[in-house]
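Working notes for the structure below.
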Amino acid sequence: MDAPDAATGALTARRYLRDLAAGERRRLRLAILAGTAAGLLTIAQLMLLARFISRLLIDGASLSELMPVLAGLLALLVLRALALYLQETLAQAASLRIRRRARHALLDHLARLGPVRLSARHSASLANQLVEQVEALDGYFARFQPQLGLAVLVPLSILLAVLWLDWLAALFLLISAPLIPLFMALVGMGAAQLNREQFAAVARLSGHFIDRVRGITTLQLFGRTAQATREVHAAADDYRQRSMRVLRLAFLSSAVLEFFASVAIAVMAIYVGFGLLGYIEYGPADELTLFGGLLVLLLAPEFFQPLRSLSQHYHDRAAALGAAEGLVALLNEIPDAQRLSGGAAPAPLHDRLVELEAVSVEHAGRGRVLGPVDLTLAAGEVVAVTGPSGVGKSTLLQLLAGFIAPASGSIRVAEGLSLAWMDQRPLLIQGSLADNLRLAAPDASAAEMRGALGRAGLGELLATLPRGIETHLGERGVGLSGGQAQRLALARVFLSQAPLVLLDEPTASLDAETEGYLIEALQALADEGRALVIATHHPALMALAKRRLSLEAQATVQEASHDALA
Amino acid sequence: MPSPDASLWRTLRPWLSLLGQRRRRLILGGLLMAVTLVSAIGLLALSGWFITATALTGLLLTAGVAAALDVYVPGGGIRLFAVTRTVSRYVERLYNHDTVLRLLADLRSRLFAVLSGLDSHALSRRRASDWLNRLTADIDTLDSLYLRLLAPALVALLAILGLAAFLALWSPRVGMAIGSLLLVGWVWLTAGQARLGMAASHRQVRDLERLRGRLIEQLQGLAELEAYGSLGDHCARLAAIESRLYRDQRRLGQWVSLGNALASIVVGLAMLLALWLASQAWRTELLSGPLMVMMPLAVLAIGEALVALPAAFTWLGATWAAAERLNALEAQQRGAAKAHPSPRLPGGPLSVTLEAVTLTHAGALIPALAGVSLQLGPGERLALCGASGAGKSSVAGLLTRQLTPESGDVRLGGVALEAWPTAALADRVALLTQQTDLFDASLAANLRLGDPQASEARLWHVLAMVELADWADALPQGLASRVGEGGRRLSGGQARRVALARLLLREPDLVVLDEPFAGLDAATAACLAARLDAWLVGRTVIYLVHQLGDSVDPPGIDQRRILREGRLCKTAQGVSG
């Protein structure tokens, strides 16, 4: 997949799909090949069928003479089934690989964007995109793409076969051939319009439904659920009436295709029949045989079949294009180049952990949000970052963590520095308490984990749990209160042994008791010799710090030692 | 997995009976499908017959034998089938689409009725938008039960039986043989394929759900994962789920392809069998030549009826899983209210009594409320303080019967809460929830939730009470302005005040206000406090607040209590200031 870069212009949905298909070109081509083989085998099969009938009825061949033809038909039957199987499984395998690759590319891209850029988006809807929209690409690669090739190759082969049999019959098909692109456009337009309308209307309807479900508690409280139920039904019914008006037209396009397929059979039957009776004096009709006539009849519907399939798969294309648009919008967000190359240069810094020199940060559209800041952080230091909200306290922490890159200035980081991070919304993964702790220290022993939980003030809770650290937390930490979740995050910090701990407003939205505990725990961390950088406006936390970095509007920075403040 | 057949049937039965309410439409839709199929079969079979007949007659004519063939009846038949096939297909698609949309309306309103019967225990975990998306996806899955599964399978079965009977008219032997072979094929393509794919397709949605859960974790926790350097480990967890998901998908895809290949083999074999048996019959002069040709061609045309079956039935497990999830929702519905003799409810402001109430949320490790007791006289005002998660909202849930305590008693006006009729409770207890729920409708419609009969003048009056009258007046469409999804077109503070105004349209005897002034500036809050004070006279009031004394306190507090981790603190010391 191409990296979306400014030089080649933004990635479009169509190009995205094309690029994805290019990665699996071999499989998709093989699928088309298998499908074409199946088409050719169909022609051969129908040919043998016509031959069997003609030999039996016209030449008076005995059944035993016809055994080889029957055996041939049987063999072709199996081969054709095999070719169909191959076509489908190859396309399916291509689609699977494409989707897997697309999802990984998207995840990598999001990881490159980093936590700060992602915070602007709703993670549930992002996750939904990564699941649903990637899965919505399936039909396009597994069905539509191969069928697009087959819709050209198979009718062409059939046309040649019919031409060899009877040029006038071939002419019938040929006359409809220039019409085929027209049908396709017609079908395409119909389907695209249908899809657009459907998508929009379905979204509106789902929106209405979800809106009412989301507010169901309110409806219960106001005693209005019966009325709302009637409204839900009425909205769905209104949607039905409106969409039926659209469908009446949209279905016409496929009806046209159906009509041509039916008419082709009827025209062939009547032309061949009258020809065989000798009623048609013109052209090759008087040379028609039962074999040729039957075969032309049997081939006529097969001529249109690939097109009918294509029109059935057309909605796959529309769905994939819709999904691709959403995904491309994500991919077109350009990650911070400096963040990727690592804005911080590792350097041997003796006992200092980080050095910031005249560092400033800019956010797109908001201009400078921090700096220039100078900061030298020694091992074991405790620094409180203070200032009014929106002044860039979190930005400074994100900078130290490497989540964002500076616009100017330089950052030097001690070689191999590991860090611990804690903010107001700790990450809780679905799994056991131990799984959650191992995020910070993959090799921690059970005893170490219990110790860390104890130090974070969860010892009492742990003692009440029969399964101990193997206790399962529900989805998104269901089962833990906010305070407990914060303590679990603290236990991770204890477990991690990281010499630098970054804390972003760790006490916000905590009750007084948990807050007190947290402050004690942070003191313990500082006593261990870890460096803490705490963004806060809580007096008790500020008191904990030996140094205080006060950020003020207009990007000026004042630093004061604890003694000077006191 | 439980024994598939019995539990599949049990799971789908309620939905099948819902479909049954539209029996006539479904039958008519199926008939239209059958007409299309019969026309397709008839078109090819009659054409084959006609060509053979003309060829044989032509031979006789060339040989100088006088022969005649009526070309007009079969010619007309061919044209008729060509037209009916096109027209019935168009009408069928239109008609069945209409049916599906009607079913969608039925399903949605039924599900909604189910959801409105759920209490907060069941609803609390079902607010996330991804859950709502899944709910609508499940409904859509069930919606296609008729068009994807039931109708094609039944129409195919009917077509097979019809074809066998038709062929048996001329040659019972051919009819029997073809009917048996195709029936065996039909059973495999439906039941066999369903069994093959059941477990894997049943797992699909659950695995997609897990994948989504892990993705949300990864996206929300990217900061920590990156800081601790454990992003790779988490990606491995994701990859493991994805691998299983795709292993199942690959298997399902292979089974569908197998089914499609088998369908083509079954039809091909049936065609060959018809050809062979009809040839024998022709040899023994039991059949005429044209009829002999007609038979394999008619069989060939029935392929169209079987084509859609393998894909639909291999994925039956997904439909099953969707139905299971929706059934599980129905099962959570509050048990039918126990028959209480309708109690005598006291008039006027209600006293509130909680006695040793303990409440644990589903899946929680510790109780949300532990042994909480409190007493509030009629017309008194209580401020219940505590940090988020301390249990304040659980108290609100208890009083509105959104939540049921595990132990302890709740009484309103001296009457046990469970004895209160639902309508009376909704009428006399009002709750301003912490989360503001506005609906994607007009401002007036949102307000009239409080009183559907409220006049415009009253709407303006309550808007004035919450200081929104000037703002609403300046809107281009006034009261008819839409507030957007979840009230998104309003600021947080405006939405909050609309929710409060909605409450002021009611005449409740117990009012619970969860953070009534959250998100409001001090001046507005002070203004509101004074008007609220007047409105609250003669009603019992419970305020749920984070902390008193931070900015503007709610008016007229008589009692203050503190909740901490689900327990009431013994004294009220240090509540204010």
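Letters A, B, ... go to the chains of the structure tokens in the order shown; residues in each chain start at 1; ligands are counted from 1 in the same order.
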
Name the residues in contact with Gly380 of chain A at a cut-off of 8 Å, using only C-alpha atoms, excluding same-chain residues fewer than 2 positions from it; report them as a ChimeraX atom specification. /A:378,382,499,526,528-532

Pick out each residue of segment 183-386 of chain B that DSSP on the backbone tags as alpha helix (DSSP H); I need them as a PyMOL selection string. chain B and resi 183-187+193-220+222-227+231-283+289-301+303-306+309-314+316-331

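The space separating atom CA of Gly387 of chain A from atom CA of Ser496 of chain A comes to 28.8 Å.
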
Excluding same-chain residues fewer than 5 positions from Ala71 of chain A, what lies within 12 Å of it counting only C-alpha atoms, as number ranges by chain? A: 45, 48-49, 52, 64-66, 76-78; B: 269, 272, 276

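Of the residues listed (A:Ala521, A:Leu437, A:Ala384, A:Ala226), A:Ala384 shows the shortest atom-to-atom separation from Leu502 of chain A; distances use only C-alpha atoms.
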
Based on DSSP run over this structure's backbone, return all residues of segment 162-405 of chain A in strand (DSSP E or B), as a PyMOL selection string. chain A and resi 344-347+352-363+367-378+382-386

Residues within 12 Å of Arg467 of chain A, please, as a list in words. Count only C-alpha atoms; anything in the same chain fewer than 3 positions from it doesn't count. Ser432, Leu433, Ala434, Leu461, Leu462, Ala463, Thr464, Glu470, Thr471, His472 and Leu473 of chain A; Leu365 of chain B

If we count only C-alpha atoms and set the cut-off at 7 Å, which residues sit around segment 407-418 of chain B, ignoring sequence neighbours fewer than 4 positions away in its own chain? Please answer as a ChimeraX atom specification. /B:346,350-358

How would the residues just chosen look if you wrote them out with C-alpha atoms as a compact mmCIF listing (two decimals), in the first residue's frame?
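Once everything was written out, this is part_10.txt:
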# COMPACT_ATOMS: atom_id res chain seq x y z
CA PRO B 346 -50.61 9.05 50.47
CA LEU B 350 -43.66 11.80 49.97
CA SER B 351 -41.53 10.70 52.87
CA VAL B 352 -38.50 8.56 51.98
CA THR B 353 -37.19 5.69 54.05
CA LEU B 354 -34.19 3.49 53.27
CA GLU B 355 -33.47 0.73 55.75
CA ALA B 356 -30.21 -1.22 55.61
CA VAL B 357 -30.21 -1.18 51.83
CA THR B 358 -27.46 -3.15 50.08

Could you state the separation of atom CA of Val462 of chain B and atom CA of Ala423 of chain B in Å, given to one decimal place?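 These two atoms are separated by 23.9 Å.
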
Ranking A:Pro506, A:Pro426, A:Gly39, A:Pro335 by minimum distance to chain B and counting only C-alpha atoms, which one comes first?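 Smallest distance to chain B is found for A:Pro426.
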
d(atom CA of Asn446 of chain B, atom CA of Arg212 of chain A) in Å: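 Spanning atom CA of Asn446 of chain B to atom CA of Arg212 of chain A is a straight-line distance of 11.8 Å.
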
For Ala298 of chain B, which residue among B:Ala281, B:Ala441, B:Leu211, B:Ile160 is the nearest when counting only C-alpha atoms?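 Smallest separation from Ala298 of chain B among the options: B:Ile160.
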
Can you work out which one of B:Ala390, B:Phe517, B:Asp143, B:Ala199 has the shortest atom-to-atom distance to Trp15 of chain B, counting only C-alpha atoms?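 Of B:Ala390, B:Phe517, B:Asp143, B:Ala199, the one nearest Trp15 of chain B is B:Asp143, counting only C-alpha atoms.
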
Residue nearest Pro539 of chain A among A:Ile519, A:Leu126, A:Leu439, A:Leu356 (counting only C-alpha atoms): A:Ile519

Do you know which residues are at most 8 Å from Gly289 of chain B counting only C-alpha atoms, after dropping those on the same chain fewer than 5 positions away, and could you put them as a PDB file with N, CA and C atoms, in the first residue's frame?
ATOM      1  N   LEU A  57     -31.265 -38.708 -31.103  1.00  0.00           N
ATOM      2  CA  LEU A  57     -32.538 -38.489 -31.778  1.00  0.00           C
ATOM      3  C   LEU A  57     -32.388 -38.485 -33.296  1.00  0.00           C
TER       4      LEU A  57
ATOM      5  N   THR B  52     -36.561 -29.294 -30.450  1.00  0.00           N
ATOM      6  CA  THR B  52     -36.500 -30.706 -30.838  1.00  0.00           C
ATOM      7  C   THR B  52     -37.672 -31.060 -31.749  1.00  0.00           C
ATOM      8  N   ALA B  53     -38.853 -30.595 -31.356  1.00  0.00           N
ATOM      9  CA  ALA B  53     -40.044 -30.900 -32.156  1.00  0.00           C
ATOM     10  C   ALA B  53     -39.897 -30.350 -33.575  1.00  0.00           C
ATOM     11  N   TRP B 282     -37.273 -43.121 -24.204  1.00  0.00           N
ATOM     12  CA  TRP B 282     -37.499 -42.793 -25.619  1.00  0.00           C
ATOM     13  C   TRP B 282     -37.218 -44.029 -26.468  1.00  0.00           C
TER      14      TRP B 282
END

Env of segment 559-563 of chain B: 12 Å cut, atoms = only C-alpha atoms, seq-sep filter 5 positions within chain, self excluded. Answer as a PyMOL selection string. (chain A and resi 511-512) or (chain B and resi 368-377+379-395+540-548+553-554+568-576)

Would you output that residue set with C-alpha atoms, as an mmCIF file, in the first residue's frame?
data_model
loop_
_atom_site.group_PDB
_atom_site.id
_atom_site.type_symbol
_atom_site.label_atom_id
_atom_site.label_comp_id
_atom_site.auth_asym_id
_atom_site.auth_seq_id
_atom_site.Cartn_x
_atom_site.Cartn_y
_atom_site.Cartn_z
ATOM 1 C CA ASP A 511 -12.572 10.772 46.769
ATOM 2 C CA ALA A 512 -10.560 12.188 49.656
ATOM 3 C CA ALA B 368 -22.417 -0.070 45.323
ATOM 4 C CA LEU B 369 -24.440 0.549 48.489
ATOM 5 C CA ALA B 370 -23.775 -1.257 51.750
ATOM 6 C CA GLY B 371 -26.302 -1.108 54.582
ATOM 7 C CA VAL B 372 -27.524 2.382 53.786
ATOM 8 C CA SER B 373 -30.317 3.714 56.007
ATOM 9 C CA LEU B 374 -31.836 7.137 55.872
ATOM 10 C CA GLN B 375 -35.061 8.869 56.672
ATOM 11 C CA LEU B 376 -36.543 11.950 55.079
ATOM 12 C CA GLY B 377 -39.841 13.516 56.099
ATOM 13 C CA GLY B 379 -41.340 18.162 52.135
ATOM 14 C CA GLU B 380 -37.792 17.946 53.514
ATOM 15 C CA ARG B 381 -34.707 18.525 51.420
ATOM 16 C CA LEU B 382 -31.672 16.261 51.691
ATOM 17 C CA ALA B 383 -28.246 16.823 50.167
ATOM 18 C CA LEU B 384 -26.411 13.564 49.562
ATOM 19 C CA CYS B 385 -22.730 14.239 48.902
ATOM 20 C CA GLY B 386 -19.967 12.002 47.620
ATOM 21 C CA ALA B 387 -17.310 11.513 44.983
ATOM 22 C CA SER B 388 -18.266 9.938 41.690
ATOM 23 C CA GLY B 389 -18.750 6.235 42.218
ATOM 24 C CA ALA B 390 -19.666 6.687 45.868
ATOM 25 C CA GLY B 391 -23.179 5.413 45.248
ATOM 26 C CA LYS B 392 -25.267 8.566 44.788
ATOM 27 C CA SER B 393 -26.671 7.540 41.429
ATOM 28 C CA SER B 394 -27.483 4.125 42.870
ATOM 29 C CA VAL B 395 -29.704 5.847 45.443
ATOM 30 C CA THR B 540 -39.716 16.225 49.022
ATOM 31 C CA VAL B 541 -36.286 16.800 47.511
ATOM 32 C CA ILE B 542 -33.004 14.874 47.336
ATOM 33 C CA TYR B 543 -29.979 16.631 45.874
ATOM 34 C CA LEU B 544 -27.071 14.479 44.753
ATOM 35 C CA VAL B 545 -23.920 16.578 44.708
ATOM 36 C CA HIS B 546 -20.185 16.031 44.542
ATOM 37 C CA GLN B 547 -19.436 18.527 47.267
ATOM 38 C CA LEU B 548 -21.253 21.421 48.891
ATOM 39 C CA ASP B 553 -25.422 25.200 46.561
ATOM 40 C CA PRO B 554 -28.919 23.917 45.829
ATOM 41 C CA LEU B 568 -23.209 6.611 54.672
ATOM 42 C CA CYS B 569 -20.827 8.443 56.928
ATOM 43 C CA LYS B 570 -21.973 8.717 60.524
ATOM 44 C CA THR B 571 -21.704 12.465 60.870
ATOM 45 C CA ALA B 572 -22.285 15.297 58.525
ATOM 46 C CA GLN B 573 -19.147 17.094 59.599
ATOM 47 C CA GLY B 574 -17.176 18.916 56.989
ATOM 48 C CA VAL B 575 -19.837 18.713 54.342
ATOM 49 C CA SER B 576 -19.921 22.344 53.552
#

Distance criterion (only C-alpha atoms): nearest to Gln497 of chain A out of A:Lys546, A:Leu417, A:Ser123, A:Leu150: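 Closest to Gln497 of chain A of all the choices is A:Leu417.
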